[in-house]
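Q: Sharing a structure with you now.
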Amino acid sequence: MIRTRFAPSPTGYLHIGGARTALFSWAYARKHGGQFILRIEDTDQERSTLESEQAILDGLAWLGIDWDEGPHYQMKRLDRYREVVDRLVAEGHAYPCYASKEELEAMREAQRARGEKPRYDGRWRPEPGKALPEPPAGVRPVIRFRTPTDGTVTFNDLIKGPIMVANAELDDLVLMRGDGVPTYNFGVVVDDWDMGITHVIRGDDHVNNTPRQINILRALGAPVPVYAHVPMILGHDGERLSKRHGAVSVLQYQEDGYLPETLLNYLARLGWGYGDAEKFSLRDFVQWFEVADVSHSAARFDQGKLAWLNQQYLKEADDGRLAALARPFLERQGVDPAGGPDLAAVMGLLKERVSTVEELADAAHIFYRQALPSVEELGEKLGSPALPALDALKTDFATLSWDRASIAQALKDAAKREGLKLGQVGIPLRLLLFGTAQTPSIDVTLELLGREETRRRLAAAWPHALAVKGPA
């Protein structure tokens, strides 16, 4: 059975790159009827936080990326790492190293001064005929892996193709620190082995770690997973992705009013594609996805394209769902939809005009509280001939059959009586009722606002209209 995993470190939020890696790993397992495992790599005790861990779990849950097993925690497996490292030492594949941080830094400085690549020089590595120093008293050694000195590590990356690295290029990496906590490369190896991970899909910043991990697996006689290293995501300008490009927490997109299906769709298209398909369901993605189809080059994150895609999903979204999503935004903005038009109906009217749920909530304000226009704008749009037409509408609205067709006809009749174009009546009417000239079709908007609220607002704004001296 295919088993993939996502193994974030709880030292920060779930970002765009991590979410895409999780999505690709999850989709590969789902496509092949396998299992997806969640592992929390929490050995960085100084930087790991419960808040970060919860943000990662919440981000995955919001996106709908579920897991079959886990989350597993590395800090709960310290005894297992000690067991494995003891075995490696006993079999001659690892050894204790007592070099201090000061010694190692001096060693690297000397190597850099000679124009050499800084690397561990093997001073505590056991060799036939080599006399090792007496271990210093009271020093807890690190445990280093005894990297083979000859040969190569070759593996076939599902994305990058064949990769070969000479062992001579690798030094003896630390497996376990003096405090008994494993390093990243060692913890990953033991975890992937114990958890039966068959396919490791991760960012290509780990390519250099892979030969080291394969050497450890071989020393243990453990199966080597299939690796696939996904290229990084760049900003729209080709620079490394940063907050100014949109590299924020996945949950920030939720807070900004994006739909999870939008972000999943967009992440899937970052470095992968299926023909010309731009918008597709998660079901289609799982069916179409192949790791080998992931691009070899870095993808570019385009905030504008993400917003466009969200707009397409909003247009198709259920109005009741949008009402539930918009309500918290309205509450934070001090707007209470109770007593006003049905919020779901308002969502249905406005959803084709916005790109996010936050914008949708902003646009909904006009239905739940009256805002008077500025004197300047009203003076510009409200000409003297429009006042009689608007005054007549105040009377017409009292007995009119309250449907869009009747409202539209009343507006046309009022404009015609005064020899005006429809816009010369409709625009100032919008301003008086909603405080803005930008609304959906005025007949549909008034139908939804309701007769009584329309009349109440027009009456409240009428003294304001009379006080403005508009153009003749």
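Note on naming: chains are A, B, ... as they come in the structure tokens, residues start from 1 per chain, ligands start from 1 in the order shown.
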Skip segment 40-51 of chain A itself and residues of its chain fewer than 2 positions away, then list as an NGL selection string all residues within 12 Å of it, counting only C-alpha atoms.
A: :A and (5-14 or 37-38 or 53-58 or 69-78 or 81 or 176-177 or 179-188 or 191-192)
Q: Skipping near chain neighbours, those fewer than 5 positions away, what residues fall within 8 Å of segment 82-91 of chain A using only C-alpha atoms, listed as a list in words?
A: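 Counting only the stated atoms, we get Ile143, Leu175, Met176, Gly180, Val190, Ala219 and Leu220 of chain A.
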Q: Filtering to all heavy atoms, could you give me those residues as a PDB file, in the first residue's frame?
A:
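Saved file out_32.pdb follows:
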```
ATOM      1  N   ILE A 143      26.197  11.950  18.485  1.00  0.00           N
ATOM      2  CA  ILE A 143      26.434  10.715  17.739  1.00  0.00           C
ATOM      3  C   ILE A 143      26.428  11.056  16.257  1.00  0.00           C
ATOM      4  O   ILE A 143      25.463  11.628  15.744  1.00  0.00           O
ATOM      5  CB  ILE A 143      25.373   9.645  18.041  1.00  0.00           C
ATOM      6  CG1 ILE A 143      25.291   9.366  19.541  1.00  0.00           C
ATOM      7  CG2 ILE A 143      25.675   8.364  17.268  1.00  0.00           C
ATOM      8  CD1 ILE A 143      26.574   8.836  20.150  1.00  0.00           C
ATOM      9  N   LEU A 175      23.675  12.557  14.075  1.00  0.00           N
ATOM     10  CA  LEU A 175      22.397  11.854  14.158  1.00  0.00           C
ATOM     11  C   LEU A 175      21.618  12.264  15.403  1.00  0.00           C
ATOM     12  O   LEU A 175      20.409  12.445  15.354  1.00  0.00           O
ATOM     13  CB  LEU A 175      22.620  10.336  14.195  1.00  0.00           C
ATOM     14  CG  LEU A 175      23.324   9.694  12.999  1.00  0.00           C
ATOM     15  CD1 LEU A 175      23.469   8.202  13.227  1.00  0.00           C
ATOM     16  CD2 LEU A 175      22.555   9.969  11.705  1.00  0.00           C
ATOM     17  N   MET A 176      22.366  12.354  16.525  1.00  0.00           N
ATOM     18  CA  MET A 176      21.702  12.674  17.780  1.00  0.00           C
ATOM     19  C   MET A 176      22.543  13.666  18.566  1.00  0.00           C
ATOM     20  O   MET A 176      23.759  13.522  18.660  1.00  0.00           O
ATOM     21  CB  MET A 176      21.469  11.408  18.599  1.00  0.00           C
ATOM     22  CG  MET A 176      20.670  11.625  19.872  1.00  0.00           C
ATOM     23  SD  MET A 176      20.149  10.074  20.645  1.00  0.00           S
ATOM     24  CE  MET A 176      18.807   9.597  19.559  1.00  0.00           C
ATOM     25  N   GLY A 180      20.129  13.971  23.626  1.00  0.00           N
ATOM     26  CA  GLY A 180      19.299  12.822  23.278  1.00  0.00           C
ATOM     27  C   GLY A 180      18.194  13.111  22.284  1.00  0.00           C
ATOM     28  O   GLY A 180      17.362  12.244  22.010  1.00  0.00           O
ATOM     29  N   VAL A 190      14.147   7.454  10.719  1.00  0.00           N
ATOM     30  CA  VAL A 190      13.529   6.475  11.618  1.00  0.00           C
ATOM     31  C   VAL A 190      12.006   6.529  11.494  1.00  0.00           C
ATOM     32  O   VAL A 190      11.323   5.496  11.447  1.00  0.00           O
ATOM     33  CB  VAL A 190      13.974   6.721  13.073  1.00  0.00           C
ATOM     34  CG1 VAL A 190      13.279   5.732  14.015  1.00  0.00           C
ATOM     35  CG2 VAL A 190      15.488   6.599  13.198  1.00  0.00           C
ATOM     36  N   ALA A 219      22.232   1.629   5.879  1.00  0.00           N
ATOM     37  CA  ALA A 219      22.959   1.097   7.030  1.00  0.00           C
ATOM     38  C   ALA A 219      22.035   0.303   7.951  1.00  0.00           C
ATOM     39  O   ALA A 219      22.454  -0.670   8.590  1.00  0.00           O
ATOM     40  CB  ALA A 219      23.618   2.232   7.795  1.00  0.00           C
ATOM     41  N   LEU A 220      20.776   0.709   7.987  1.00  0.00           N
ATOM     42  CA  LEU A 220      19.801   0.018   8.824  1.00  0.00           C
ATOM     43  C   LEU A 220      19.169  -1.185   8.121  1.00  0.00           C
ATOM     44  O   LEU A 220      18.420  -1.942   8.746  1.00  0.00           O
ATOM     45  CB  LEU A 220      18.690   1.000   9.238  1.00  0.00           C
ATOM     46  CG  LEU A 220      19.095   2.104  10.215  1.00  0.00           C
ATOM     47  CD1 LEU A 220      18.005   3.166  10.291  1.00  0.00           C
ATOM     48  CD2 LEU A 220      19.356   1.513  11.599  1.00  0.00           C
TER      49      LEU A 220
END
```
Q: Let me make sure I understand: among A:Val346, A:Val375, A:Leu282, A:Val142, which one has the smallest atom-to-atom distance to Gly320 of chain A if we use only C-alpha atoms?
A: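 Using only C-alpha atoms, the shortest distance to Gly320 of chain A belongs to A:Val346.
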Q: Extract, using only C-alpha atoms, all DNA, RNA and protein residues at most 12 Å from Leu400 of chain A, discarding same-chain residues fewer than 2 positions from it, and format them as a PDB file with N, CA and C atoms, in the first residue's frame.
A:
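Once written, selection-v4.pdb looks like this:
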```
ATOM      1  N   LEU A 393     -41.970  59.666  -6.859  1.00  0.00           N
ATOM      2  CA  LEU A 393     -41.704  58.271  -6.495  1.00  0.00           C
ATOM      3  C   LEU A 393     -42.051  58.001  -5.044  1.00  0.00           C
ATOM      4  N   LYS A 394     -41.882  59.012  -4.196  1.00  0.00           N
ATOM      5  CA  LYS A 394     -42.248  58.831  -2.794  1.00  0.00           C
ATOM      6  C   LYS A 394     -43.716  58.431  -2.673  1.00  0.00           C
ATOM      7  N   THR A 395     -44.538  59.042  -3.507  1.00  0.00           N
ATOM      8  CA  THR A 395     -45.967  58.713  -3.503  1.00  0.00           C
ATOM      9  C   THR A 395     -46.227  57.386  -4.192  1.00  0.00           C
ATOM     10  N   ASP A 396     -45.584  57.184  -5.349  1.00  0.00           N
ATOM     11  CA  ASP A 396     -45.800  55.948  -6.119  1.00  0.00           C
ATOM     12  C   ASP A 396     -45.415  54.705  -5.323  1.00  0.00           C
ATOM     13  N   PHE A 397     -44.339  54.807  -4.552  1.00  0.00           N
ATOM     14  CA  PHE A 397     -43.850  53.637  -3.815  1.00  0.00           C
ATOM     15  C   PHE A 397     -44.840  53.150  -2.750  1.00  0.00           C
ATOM     16  N   ALA A 398     -45.778  54.015  -2.351  1.00  0.00           N
ATOM     17  CA  ALA A 398     -46.718  53.646  -1.293  1.00  0.00           C
ATOM     18  C   ALA A 398     -47.735  52.612  -1.767  1.00  0.00           C
ATOM     19  N   TRP A 402     -44.933  45.599  -5.212  1.00  0.00           N
ATOM     20  CA  TRP A 402     -43.484  45.645  -4.935  1.00  0.00           C
ATOM     21  C   TRP A 402     -42.748  44.448  -5.562  1.00  0.00           C
ATOM     22  N   ASP A 403     -42.533  44.591  -6.862  1.00  0.00           N
ATOM     23  CA  ASP A 403     -41.724  43.612  -7.590  1.00  0.00           C
ATOM     24  C   ASP A 403     -40.855  44.373  -8.572  1.00  0.00           C
ATOM     25  N   ARG A 404     -39.800  43.717  -9.046  1.00  0.00           N
ATOM     26  CA  ARG A 404     -38.807  44.439  -9.857  1.00  0.00           C
ATOM     27  C   ARG A 404     -39.400  45.055 -11.120  1.00  0.00           C
ATOM     28  N   ALA A 405     -40.336  44.358 -11.742  1.00  0.00           N
ATOM     29  CA  ALA A 405     -40.912  44.888 -12.980  1.00  0.00           C
ATOM     30  C   ALA A 405     -41.699  46.164 -12.703  1.00  0.00           C
ATOM     31  N   SER A 406     -42.494  46.163 -11.651  1.00  0.00           N
ATOM     32  CA  SER A 406     -43.297  47.348 -11.316  1.00  0.00           C
ATOM     33  C   SER A 406     -42.403  48.507 -10.880  1.00  0.00           C
ATOM     34  N   ILE A 407     -41.332  48.187 -10.111  1.00  0.00           N
ATOM     35  CA  ILE A 407     -40.407  49.238  -9.677  1.00  0.00           C
ATOM     36  C   ILE A 407     -39.704  49.856 -10.877  1.00  0.00           C
ATOM     37  N   ALA A 408     -39.266  49.012 -11.802  1.00  0.00           N
ATOM     38  CA  ALA A 408     -38.579  49.521 -13.000  1.00  0.00           C
ATOM     39  C   ALA A 408     -39.500  50.427 -13.812  1.00  0.00           C
ATOM     40  N   GLN A 409     -40.767  50.027 -13.935  1.00  0.00           N
ATOM     41  CA  GLN A 409     -41.707  50.829 -14.714  1.00  0.00           C
ATOM     42  C   GLN A 409     -41.981  52.165 -14.033  1.00  0.00           C
ATOM     43  N   ALA A 410     -42.071  52.154 -12.703  1.00  0.00           N
ATOM     44  CA  ALA A 410     -42.306  53.399 -11.975  1.00  0.00           C
ATOM     45  C   ALA A 410     -41.160  54.373 -12.174  1.00  0.00           C
ATOM     46  N   LEU A 411     -39.942  53.882 -12.184  1.00  0.00           N
ATOM     47  CA  LEU A 411     -38.781  54.740 -12.395  1.00  0.00           C
ATOM     48  C   LEU A 411     -38.791  55.328 -13.807  1.00  0.00           C
ATOM     49  N   GLU A 447     -36.363  45.962  -4.687  1.00  0.00           N
ATOM     50  CA  GLU A 447     -37.253  44.839  -4.382  1.00  0.00           C
ATOM     51  C   GLU A 447     -36.753  44.097  -3.143  1.00  0.00           C
ATOM     52  N   GLY A 450     -37.039  46.155   0.175  1.00  0.00           N
ATOM     53  CA  GLY A 450     -38.400  46.148   0.705  1.00  0.00           C
ATOM     54  C   GLY A 450     -39.062  47.513   0.657  1.00  0.00           C
ATOM     55  N   ARG A 451     -40.377  47.490   0.537  1.00  0.00           N
ATOM     56  CA  ARG A 451     -41.142  48.729   0.396  1.00  0.00           C
ATOM     57  C   ARG A 451     -40.974  49.647   1.606  1.00  0.00           C
ATOM     58  N   GLU A 452     -41.179  49.107   2.794  1.00  0.00           N
ATOM     59  CA  GLU A 452     -41.199  49.956   3.978  1.00  0.00           C
ATOM     60  C   GLU A 452     -39.824  50.580   4.239  1.00  0.00           C
ATOM     61  N   ARG A 455     -39.159  53.351   1.626  1.00  0.00           N
ATOM     62  CA  ARG A 455     -39.892  54.580   1.927  1.00  0.00           C
ATOM     63  C   ARG A 455     -39.304  55.283   3.153  1.00  0.00           C
TER      64      ARG A 455
END
```
Q: Can you check which residues of segment 401-469 of chain A DSSP gives as alpha helix (DSSP H) on the backbone and send them as a VMD selection string?
A: chain A and resid 404 to 417 422 to 434 442 to 449 451 to 467
Q: Taking 2 positions as the minimum chain separation for residues in the same chain, which residues sit within 12 Å of Gly33 of chain A when counting only C-alpha atoms? Answer as an MDAnalysis selection string.
A: chainID A and resid 1:4 26:31 35:36 68 286:287
Q: Restricting the calculation to only C-alpha atoms, which member of A:Lys381, A:His199, A:Lys351, A:Lys117 is positioned closest to Leu158 of chain A?
A: A:His199
Q: When you look at Leu234 of chain A with a cut-off of 7 Å (counting only C-alpha atoms), what residues show up, excluding the ones that are within fewer than 2 positions of it in the same chain? I need them as a ChimeraX atom specification.
A: /A:232,236,238-241,298-301
Q: Do a neighbour search on segment 352-358 of chain A at 12 Å with only C-alpha atoms, toss out local chain neighbours closer than 6 positions, and write the hits as a PyMOL selection string.
A: chain A and resi 253-260+262-263+303-317+319+321-333+346+364-365+438-441
